[in-house]
$ cat final_3.pdb   # PDB, C-alpha atoms (C1' of nucleotides)
ATOM      1  CA  MET A   1     -15.233 -12.523   0.666  1.00  0.00           C
ATOM      2  CA  ASN A   2     -12.354 -14.511   2.080  1.00  0.00           C
ATOM      3  CA  ARG A   3      -9.552 -13.372   4.360  1.00  0.00           C
ATOM      4  CA  VAL A   4      -6.525 -14.394   2.295  1.00  0.00           C
ATOM      5  CA  ARG A   5      -5.323 -10.836   1.719  1.00  0.00           C
ATOM      6  CA  GLU A   6      -5.712  -9.960   5.379  1.00  0.00           C
ATOM      7  CA  TYR A   7      -3.665 -12.954   6.508  1.00  0.00           C
ATOM      8  CA  ARG A   8      -1.072 -12.533   3.760  1.00  0.00           C
ATOM      9  CA  LYS A   9      -0.429  -8.966   4.869  1.00  0.00           C
ATOM     10  CA  GLN A  10      -0.219 -10.124   8.442  1.00  0.00           C
ATOM     11  CA  VAL A  11       2.525 -12.539   7.384  1.00  0.00           C
ATOM     12  CA  GLY A  12       4.095  -9.672   5.420  1.00  0.00           C
ATOM     13  CA  ILE A  13       4.616 -11.212   1.973  1.00  0.00           C
ATOM     14  CA  SER A  14       3.611 -10.252  -1.558  1.00  0.00           C
ATOM     15  CA  GLN A  15       1.108 -12.075  -3.777  1.00  0.00           C
ATOM     16  CA  PHE A  16       4.087 -13.293  -5.778  1.00  0.00           C
ATOM     17  CA  ALA A  17       5.868 -14.728  -2.730  1.00  0.00           C
ATOM     18  CA  LEU A  18       2.719 -16.462  -1.511  1.00  0.00           C
ATOM     19  CA  ALA A  19       2.097 -17.867  -4.983  1.00  0.00           C
ATOM     20  CA  GLU A  20       5.591 -19.363  -5.055  1.00  0.00           C
ATOM     21  CA  LYS A  21       5.176 -20.890  -1.625  1.00  0.00           C
ATOM     22  CA  VAL A  22       1.935 -22.645  -2.487  1.00  0.00           C
ATOM     23  CA  GLY A  23       3.059 -23.443  -6.030  1.00  0.00           C
ATOM     24  CA  VAL A  24       0.613 -21.495  -8.182  1.00  0.00           C
ATOM     25  CA  ALA A  25       0.844 -18.440 -10.445  1.00  0.00           C
ATOM     26  CA  ARG A  26       0.690 -14.963  -8.983  1.00  0.00           C
ATOM     27  CA  GLN A  27      -2.475 -14.279 -10.953  1.00  0.00           C
ATOM     28  CA  THR A  28      -4.194 -17.146  -9.194  1.00  0.00           C
ATOM     29  CA  ILE A  29      -3.586 -15.536  -5.792  1.00  0.00           C
ATOM     30  CA  ASN A  30      -4.744 -12.204  -7.108  1.00  0.00           C
ATOM     31  CA  LEU A  31      -7.999 -13.684  -8.440  1.00  0.00           C
ATOM     32  CA  ILE A  32      -8.687 -15.504  -5.191  1.00  0.00           C
ATOM     33  CA  GLU A  33      -8.093 -12.401  -3.078  1.00  0.00           C
ATOM     34  CA  ASN A  34     -10.514 -10.488  -5.289  1.00  0.00           C
ATOM     35  CA  ASP A  35     -13.105 -13.276  -5.218  1.00  0.00           C
ATOM     36  CA  LYS A  36     -12.942 -13.747  -8.946  1.00  0.00           C
ATOM     37  CA  TYR A  37     -13.119 -17.465  -8.564  1.00  0.00           C
ATOM     38  CA  ASN A  38     -13.443 -20.652  -6.781  1.00  0.00           C
ATOM     39  CA  PRO A  39     -10.148 -22.288  -5.772  1.00  0.00           C
ATOM     40  CA  SER A  40      -9.658 -26.006  -5.274  1.00  0.00           C
ATOM     41  CA  LEU A  41      -9.674 -27.575  -1.822  1.00  0.00           C
ATOM     42  CA  LYS A  42      -5.999 -28.493  -2.087  1.00  0.00           C
ATOM     43  CA  LEU A  43      -5.055 -24.920  -2.818  1.00  0.00           C
ATOM     44  CA  CYS A  44      -7.187 -23.643   0.062  1.00  0.00           C
ATOM     45  CA  ILE A  45      -5.423 -26.039   2.402  1.00  0.00           C
ATOM     46  CA  SER A  46      -1.979 -24.970   1.160  1.00  0.00           C
ATOM     47  CA  LEU A  47      -2.929 -21.337   1.652  1.00  0.00           C
ATOM     48  CA  ALA A  48      -4.182 -21.961   5.172  1.00  0.00           C
ATOM     49  CA  GLU A  49      -0.992 -23.823   6.074  1.00  0.00           C
ATOM     50  CA  GLU A  50       1.292 -21.217   4.512  1.00  0.00           C
ATOM     51  CA  LEU A  51      -0.559 -18.423   6.289  1.00  0.00           C
ATOM     52  CA  GLY A  52      -0.502 -20.200   9.640  1.00  0.00           C
ATOM     53  CA  THR A  53      -4.238 -20.545   9.933  1.00  0.00           C
ATOM     54  CA  ASP A  54      -7.032 -22.928   8.906  1.00  0.00           C
ATOM     55  CA  LEU A  55      -9.863 -23.388   6.437  1.00  0.00           C
ATOM     56  CA  ASN A  56     -12.634 -22.003   8.590  1.00  0.00           C
ATOM     57  CA  THR A  57     -10.696 -18.861   9.409  1.00  0.00           C
ATOM     58  CA  LEU A  58      -9.880 -18.097   5.792  1.00  0.00           C
ATOM     59  CA  PHE A  59     -13.032 -19.216   4.018  1.00  0.00           C
ATOM     60  CA  TRP A  60     -15.945 -19.999   6.326  1.00  0.00           C
ATOM     61  CA  LYS A  61     -18.705 -17.405   6.448  1.00  0.00           C
ATOM     62  CA  VAL A  62     -16.467 -14.397   6.198  1.00  0.00           C
ATOM     63  CA  ASP A  63     -19.058 -11.810   5.291  1.00  0.00           C
ATOM     64  CA  GLU A  64     -18.094  -8.507   6.732  1.00  0.00           C
ATOM     65  CA  GLU A  65     -20.290  -7.880   9.760  1.00  0.00           C
ATOM     66  CA  SER A  66     -23.407  -5.998   8.689  1.00  0.00           C
TER      67      SER A  66
ATOM     68  CA  MET B  67      -9.060 -38.588   3.790  1.00  0.00           C
ATOM     69  CA  ASN B  68     -12.051 -36.390   4.432  1.00  0.00           C
ATOM     70  CA  ARG B  69     -15.098 -37.049   6.598  1.00  0.00           C
ATOM     71  CA  VAL B  70     -17.871 -36.540   4.057  1.00  0.00           C
ATOM     72  CA  ARG B  71     -19.039 -40.154   4.116  1.00  0.00           C
ATOM     73  CA  GLU B  72     -19.052 -40.228   7.897  1.00  0.00           C
ATOM     74  CA  TYR B  73     -21.178 -37.089   8.144  1.00  0.00           C
ATOM     75  CA  ARG B  74     -23.461 -38.123   5.291  1.00  0.00           C
ATOM     76  CA  LYS B  75     -24.254 -41.387   7.061  1.00  0.00           C
ATOM     77  CA  GLN B  76     -24.841 -39.505  10.260  1.00  0.00           C
ATOM     78  CA  VAL B  77     -27.428 -37.403   8.433  1.00  0.00           C
ATOM     79  CA  GLY B  78     -28.804 -40.626   6.974  1.00  0.00           C
ATOM     80  CA  ILE B  79     -28.944 -39.859   3.244  1.00  0.00           C
ATOM     81  CA  SER B  80     -27.573 -41.524   0.111  1.00  0.00           C
ATOM     82  CA  GLN B  81     -24.838 -40.175  -2.156  1.00  0.00           C
ATOM     83  CA  PHE B  82     -27.567 -39.456  -4.668  1.00  0.00           C
ATOM     84  CA  ALA B  83     -29.655 -37.436  -2.211  1.00  0.00           C
ATOM     85  CA  LEU B  84     -26.644 -35.445  -1.055  1.00  0.00           C
ATOM     86  CA  ALA B  85     -25.639 -34.799  -4.660  1.00  0.00           C
ATOM     87  CA  GLU B  86     -29.086 -33.387  -5.421  1.00  0.00           C
ATOM     88  CA  LYS B  87     -29.012 -31.155  -2.358  1.00  0.00           C
ATOM     89  CA  VAL B  88     -25.685 -29.591  -3.240  1.00  0.00           C
ATOM     90  CA  GLY B  89     -26.404 -29.562  -6.975  1.00  0.00           C
ATOM     91  CA  VAL B  90     -23.786 -31.911  -8.386  1.00  0.00           C
ATOM     92  CA  ALA B  91     -23.809 -35.381  -9.944  1.00  0.00           C
ATOM     93  CA  ARG B  92     -23.843 -38.499  -7.787  1.00  0.00           C
ATOM     94  CA  GLN B  93     -20.488 -39.515  -9.205  1.00  0.00           C
ATOM     95  CA  THR B  94     -18.964 -36.304  -7.935  1.00  0.00           C
ATOM     96  CA  ILE B  95     -19.928 -37.154  -4.354  1.00  0.00           C
ATOM     97  CA  ASN B  96     -18.650 -40.676  -4.797  1.00  0.00           C
ATOM     98  CA  LEU B  97     -15.267 -39.449  -6.086  1.00  0.00           C
ATOM     99  CA  ILE B  98     -14.918 -36.976  -3.235  1.00  0.00           C
ATOM    100  CA  GLU B  99     -15.739 -39.581  -0.584  1.00  0.00           C
ATOM    101  CA  ASN B 100     -13.113 -41.870  -2.075  1.00  0.00           C
ATOM    102  CA  ASP B 101     -10.521 -39.089  -2.337  1.00  0.00           C
ATOM    103  CA  LYS B 102     -10.312 -39.413  -6.086  1.00  0.00           C
ATOM    104  CA  TYR B 103     -10.189 -35.705  -6.493  1.00  0.00           C
ATOM    105  CA  ASN B 104     -10.000 -32.228  -5.370  1.00  0.00           C
ATOM    106  CA  PRO B 105     -13.359 -30.455  -5.065  1.00  0.00           C
ATOM    107  CA  SER B 106     -13.859 -26.720  -5.425  1.00  0.00           C
ATOM    108  CA  LEU B 107     -14.191 -24.472  -2.394  1.00  0.00           C
ATOM    109  CA  LYS B 108     -17.804 -23.660  -3.246  1.00  0.00           C
ATOM    110  CA  LEU B 109     -18.705 -27.328  -3.290  1.00  0.00           C
ATOM    111  CA  CYS B 110     -16.887 -27.948   0.005  1.00  0.00           C
ATOM    112  CA  ILE B 111     -18.872 -25.126   1.582  1.00  0.00           C
ATOM    113  CA  SER B 112     -22.177 -26.478   0.234  1.00  0.00           C
ATOM    114  CA  LEU B 113     -21.324 -29.916   1.578  1.00  0.00           C
ATOM    115  CA  ALA B 114     -20.452 -28.542   4.999  1.00  0.00           C
ATOM    116  CA  GLU B 115     -23.694 -26.576   5.151  1.00  0.00           C
ATOM    117  CA  GLU B 116     -25.830 -29.489   3.950  1.00  0.00           C
ATOM    118  CA  LEU B 117     -24.199 -31.828   6.464  1.00  0.00           C
ATOM    119  CA  GLY B 118     -24.606 -29.384   9.316  1.00  0.00           C
ATOM    120  CA  THR B 119     -20.903 -28.929   9.933  1.00  0.00           C
ATOM    121  CA  ASP B 120     -17.997 -26.777   8.722  1.00  0.00           C
ATOM    122  CA  LEU B 121     -14.908 -26.819   6.524  1.00  0.00           C
ATOM    123  CA  ASN B 122     -12.406 -27.693   9.205  1.00  0.00           C
ATOM    124  CA  THR B 123     -14.447 -30.622  10.458  1.00  0.00           C
ATOM    125  CA  LEU B 124     -14.886 -32.136   7.017  1.00  0.00           C
ATOM    126  CA  PHE B 125     -11.546 -31.368   5.396  1.00  0.00           C
ATOM    127  CA  TRP B 126      -8.896 -30.074   7.779  1.00  0.00           C
ATOM    128  CA  LYS B 127      -6.203 -32.553   8.742  1.00  0.00           C
ATOM    129  CA  VAL B 128      -8.422 -35.585   8.903  1.00  0.00           C
ATOM    130  CA  ASP B 129      -5.780 -38.266   8.827  1.00  0.00           C
ATOM    131  CA  GLU B 130      -6.924 -41.224  10.822  1.00  0.00           C
ATOM    132  CA  GLU B 131      -5.132 -41.169  14.171  1.00  0.00           C
ATOM    133  CA  SER B 132      -1.914 -43.143  13.870  1.00  0.00           C
TER     134      SER B 132
ATOM    135  C1'  DG C 133     -34.090 -65.740  -4.528  1.00  0.00           C
ATOM    136  C1'  DA C 134     -36.299 -61.990  -7.079  1.00  0.00           C
ATOM    137  C1'  DA C 135     -36.700 -56.893  -6.958  1.00  0.00           C
ATOM    138  C1'  DC C 136     -34.850 -52.709  -5.785  1.00  0.00           C
ATOM    139  C1'  DA C 137     -31.715 -49.220  -3.765  1.00  0.00           C
ATOM    140  C1'  DA C 138     -27.061 -47.782  -3.111  1.00  0.00           C
ATOM    141  C1'  DT C 139     -22.407 -47.757  -4.510  1.00  0.00           C
ATOM    142  C1'  DG C 140     -18.105 -48.201  -7.516  1.00  0.00           C
ATOM    143  C1'  DT C 141     -16.375 -47.387 -11.890  1.00  0.00           C
ATOM    144  C1'  DC C 142     -15.749 -46.499 -16.991  1.00  0.00           C
ATOM    145  C1'  DA C 143     -15.731 -43.557 -21.212  1.00  0.00           C
ATOM    146  C1'  DA C 144     -16.703 -39.320 -23.475  1.00  0.00           C
ATOM    147  C1'  DC C 145     -17.973 -34.748 -22.968  1.00  0.00           C
ATOM    148  C1'  DT C 146     -18.164 -29.690 -21.165  1.00  0.00           C
ATOM    149  C1'  DA C 147     -17.004 -26.078 -17.955  1.00  0.00           C
ATOM    150  C1'  DT C 148     -13.711 -23.824 -15.466  1.00  0.00           C
ATOM    151  C1'  DA C 149      -9.428 -23.574 -12.493  1.00  0.00           C
ATOM    152  C1'  DT C 150      -4.852 -22.515 -13.263  1.00  0.00           C
ATOM    153  C1'  DA C 151      -0.627 -21.275 -16.289  1.00  0.00           C
ATOM    154  C1'  DT C 152       1.988 -18.157 -19.165  1.00  0.00           C
ATOM    155  C1'  DG C 153       3.295 -13.891 -21.058  1.00  0.00           C
ATOM    156  C1'  DA C 154       2.515  -9.273 -21.236  1.00  0.00           C
ATOM    157  C1'  DC C 155       1.353  -4.478 -20.068  1.00  0.00           C
ATOM    158  C1'  DA C 156      -0.310  -0.518 -17.268  1.00  0.00           C
ATOM    159  C1'  DA C 157      -1.066   1.646 -12.952  1.00  0.00           C
ATOM    160  C1'  DA C 158      -0.272   2.206  -8.163  1.00  0.00           C
ATOM    161  C1'  DA C 159       2.812   2.029  -4.078  1.00  0.00           C
ATOM    162  C1'  DA C 160       7.205   2.104  -1.920  1.00  0.00           C
ATOM    163  C1'  DG C 161      12.033   3.330  -1.658  1.00  0.00           C
ATOM    164  C1'  DA C 162      16.145   5.536  -3.282  1.00  0.00           C
TER     165       DA C 162
ATOM    166  C1'  DT D 163      11.787  12.566  -9.514  1.00  0.00           C
ATOM    167  C1'  DC D 164      13.470   8.190 -10.875  1.00  0.00           C
ATOM    168  C1'  DT D 165      13.536   3.192 -10.040  1.00  0.00           C
ATOM    169  C1'  DT D 166      11.728  -0.962  -8.504  1.00  0.00           C
ATOM    170  C1'  DT D 167       8.191  -3.727  -6.522  1.00  0.00           C
ATOM    171  C1'  DT D 168       3.547  -4.866  -6.201  1.00  0.00           C
ATOM    172  C1'  DT D 169      -0.906  -5.288  -7.903  1.00  0.00           C
ATOM    173  C1'  DG D 170      -4.802  -5.465 -11.414  1.00  0.00           C
ATOM    174  C1'  DT D 171      -6.037  -7.169 -15.678  1.00  0.00           C
ATOM    175  C1'  DC D 172      -6.121  -9.056 -20.501  1.00  0.00           C
ATOM    176  C1'  DA D 173      -5.858 -12.906 -23.918  1.00  0.00           C
ATOM    177  C1'  DT D 174      -4.599 -17.527 -25.062  1.00  0.00           C
ATOM    178  C1'  DA D 175      -3.619 -22.156 -23.725  1.00  0.00           C
ATOM    179  C1'  DT D 176      -3.830 -26.517 -20.844  1.00  0.00           C
ATOM    180  C1'  DA D 177      -5.198 -29.498 -16.978  1.00  0.00           C
ATOM    181  C1'  DT D 178      -8.692 -31.153 -14.440  1.00  0.00           C
ATOM    182  C1'  DA D 179     -13.257 -30.704 -11.940  1.00  0.00           C
ATOM    183  C1'  DG D 180     -17.733 -31.984 -12.746  1.00  0.00           C
ATOM    184  C1'  DT D 181     -21.583 -34.068 -16.144  1.00  0.00           C
ATOM    185  C1'  DT D 182     -24.029 -37.638 -18.444  1.00  0.00           C
ATOM    186  C1'  DG D 183     -25.193 -42.262 -19.457  1.00  0.00           C
ATOM    187  C1'  DA D 184     -24.394 -46.792 -18.677  1.00  0.00           C
ATOM    188  C1'  DC D 185     -23.291 -51.212 -16.430  1.00  0.00           C
ATOM    189  C1'  DA D 186     -21.742 -54.413 -12.632  1.00  0.00           C
ATOM    190  C1'  DT D 187     -21.649 -55.303  -7.771  1.00  0.00           C
ATOM    191  C1'  DT D 188     -23.100 -55.133  -3.235  1.00  0.00           C
ATOM    192  C1'  DG D 189     -26.509 -54.638   0.057  1.00  0.00           C
ATOM    193  C1'  DT D 190     -31.557 -54.572   1.585  1.00  0.00           C
ATOM    194  C1'  DT D 191     -36.199 -55.937   1.845  1.00  0.00           C
ATOM    195  C1'  DC D 192     -40.169 -58.604   0.363  1.00  0.00           C
TER     196       DC D 192
END
$ encode --input "final_3.pdb" --output "structure tokens"
Amino acid sequence: MNRVREYRKQVGISQFALAEKVGVARQTINLIENDKYNPSLKLCISLAEELGTDLNTLFWKVDEES
Amino acid sequence: MNRVREYRKQVGISQFALAEKVGVARQTINLIENDKYNPSLKLCISLAEELGTDLNTLFWKVDEES
DNA sequence: GAACAATGTCAACTATATATGACAAAAAGA
DNA sequence: TCTTTTTGTCATATATAGTTGACATTGTTC
């Protein structure tokens, strides 16, 4: 799991708005949030920048604590 | 620019050896080191793990200091 | 300087990230 | 309740990440 949804909600925007900001389709954001695939590095970086955070925070070893 | 080459040399292995460890072709490593394309998140994570570092260190805002 | 390892690069192929359009269901607001 | 926004999901299409095989070049090491 990644923390895109969590940070998007914190910023208070919809999947559609985030998609526009980073220049992809809304469906792409939806699939990423639901871990349905494997985004490119560029997109990950855009997401981190748009959400005011960084790669590690969004994508590095974000298993929920067991 | 990313810091894959730098960390690979630090670990002391060839592009070929690193490619085998992360399960891609040698050319893929070569292209990434030379910024010829945009790897997937999964591959970035494998690289970071194999090189004993993390996403931010390898890929986050690694412009050479100006 | 011959032999070998490591790297850069090309062309052709396959797999998959991402786009587009559409529809239904859930959530939020009036 | 009705309306609108947001989210999940499907199917088809396109762009590009990643593969495979090959060859030339640049080190190393003997």
$ atom_distance --input "final_3.pdb" --atom1 "CA of Arg69 in chain B" --atom2 "C1' of DT139 in chain C"
17.1 Å
$ resolve_selection --input "final_3.pdb" --expression "the PyMOL selection byres ((chain C) within 9 of (chain B))" --output "mmCIF file with C-alpha atoms (C1' of nucleotides), in the frame of the given file"
data_model
loop_
_atom_site.group_PDB
_atom_site.id
_atom_site.type_symbol
_atom_site.label_atom_id
_atom_site.label_comp_id
_atom_site.auth_asym_id
_atom_site.auth_seq_id
_atom_site.Cartn_x
_atom_site.Cartn_y
_atom_site.Cartn_z
ATOM 1 C "C1'" DA C 138 -27.061 -47.782 -3.111
ATOM 2 C "C1'" DT C 139 -22.407 -47.757 -4.510
ATOM 3 C "C1'" DG C 140 -18.105 -48.201 -7.516
ATOM 4 C "C1'" DA C 149 -9.428 -23.574 -12.493
#
$ resolve_selection --input "final_3.pdb" --expression "the PyMOL selection byres ((chain D) within 7 of (chain B))" --output "VMD selection string"
chain D and resid 179 to 181
$ closest_residue --input "final_3.pdb" --among "A:Ile32, A:Trp60, A:Glu6, A:Ala17" --to "Cys110 in chain B" --atoms "all atoms listed in the file"
A:Trp60
$ atom_distance --input "final_3.pdb" --atom1 "C1' of DT168 in chain D" --atom2 "C1' of DA160 in chain C"
9.0 Å
$ closest_atom_pairs --input "final_3.pdb" --of "chain A" --to "chain B" --cutoff "12 Å" --atoms "all atoms listed in the file" --output "Markdown table"
| residue | atom | partner | partner_atom | distance |
| --- | --- | --- | --- | --- |
| A:Asn2 | CA | B:Leu107 | CA | 11.1 |
| A:Ile32 | CA | B:Leu107 | CA | 10.9 |
| A:Asp35 | CA | B:Lys108 | CA | 11.6 |
| A:Tyr37 | CA | B:Leu107 | CA | 9.4 |
| A:Asn38 | CA | B:Leu107 | CA | 5.9 |
| A:Pro39 | CA | B:Leu107 | CA | 5.7 |
| A:Ser40 | CA | B:Ser106 | CA | 4.3 |
| A:Leu41 | CA | B:Leu107 | CA | 5.5 |
| A:Lys42 | CA | B:Asn104 | CA | 6.4 |
| A:Leu43 | CA | B:Leu107 | CA | 9.2 |
| A:Cys44 | CA | B:Leu107 | CA | 7.5 |
| A:Ile45 | CA | B:Trp126 | CA | 7.6 |
| A:Ser46 | CA | B:Trp126 | CA | 10.8 |
| A:Ala48 | CA | B:Trp126 | CA | 9.7 |
| A:Glu49 | CA | B:Trp126 | CA | 10.2 |
| A:Thr53 | CA | B:Trp126 | CA | 10.8 |
| A:Asp54 | CA | B:Asn122 | CA | 7.2 |
| A:Leu55 | CA | B:Asn122 | CA | 5.7 |
| A:Asn56 | CA | B:Leu121 | CA | 5.7 |
| A:Thr57 | CA | B:Asn122 | CA | 9.0 |
| A:Leu58 | CA | B:Leu121 | CA | 10.1 |
| A:Phe59 | CA | B:Leu121 | CA | 8.2 |
| A:Trp60 | CA | B:Leu121 | CA | 6.9 |
| A:Lys61 | CA | B:Ile111 | CA | 9.1 |
| A:Val62 | CA | B:Ile111 | CA | 11.9 |
$ axis_aligned_box --input "final_3.pdb" --around "range 107-113 of chain B" --padding-each-side "8 Å" --output "lines of an AutoDock Vina configuration file"
center_x = -18.2
center_y = -26.8
center_z = -0.9
size_x = 24.0
size_y = 22.3
size_z = 20.9
$ resolve_selection --input "final_3.pdb" --expression "the PyMOL selection byres ((chain D and resi 164) around 9)" --output "list of chain:residue names"
C:DA162, D:DT163, D:DT165
$ atom_distance --input "final_3.pdb" --atom1 "CA of Gln10 in chain A" --atom2 "CA of Leu51 in chain A"
8.6 Å
$ residues_around --input "final_3.pdb" --residues "DC142 in chain C" --least-positions-apart "4" --cutoff "12 Å" --atoms "only C-alpha atoms (C1' of nucleotides)" --output "count of residues only"
5
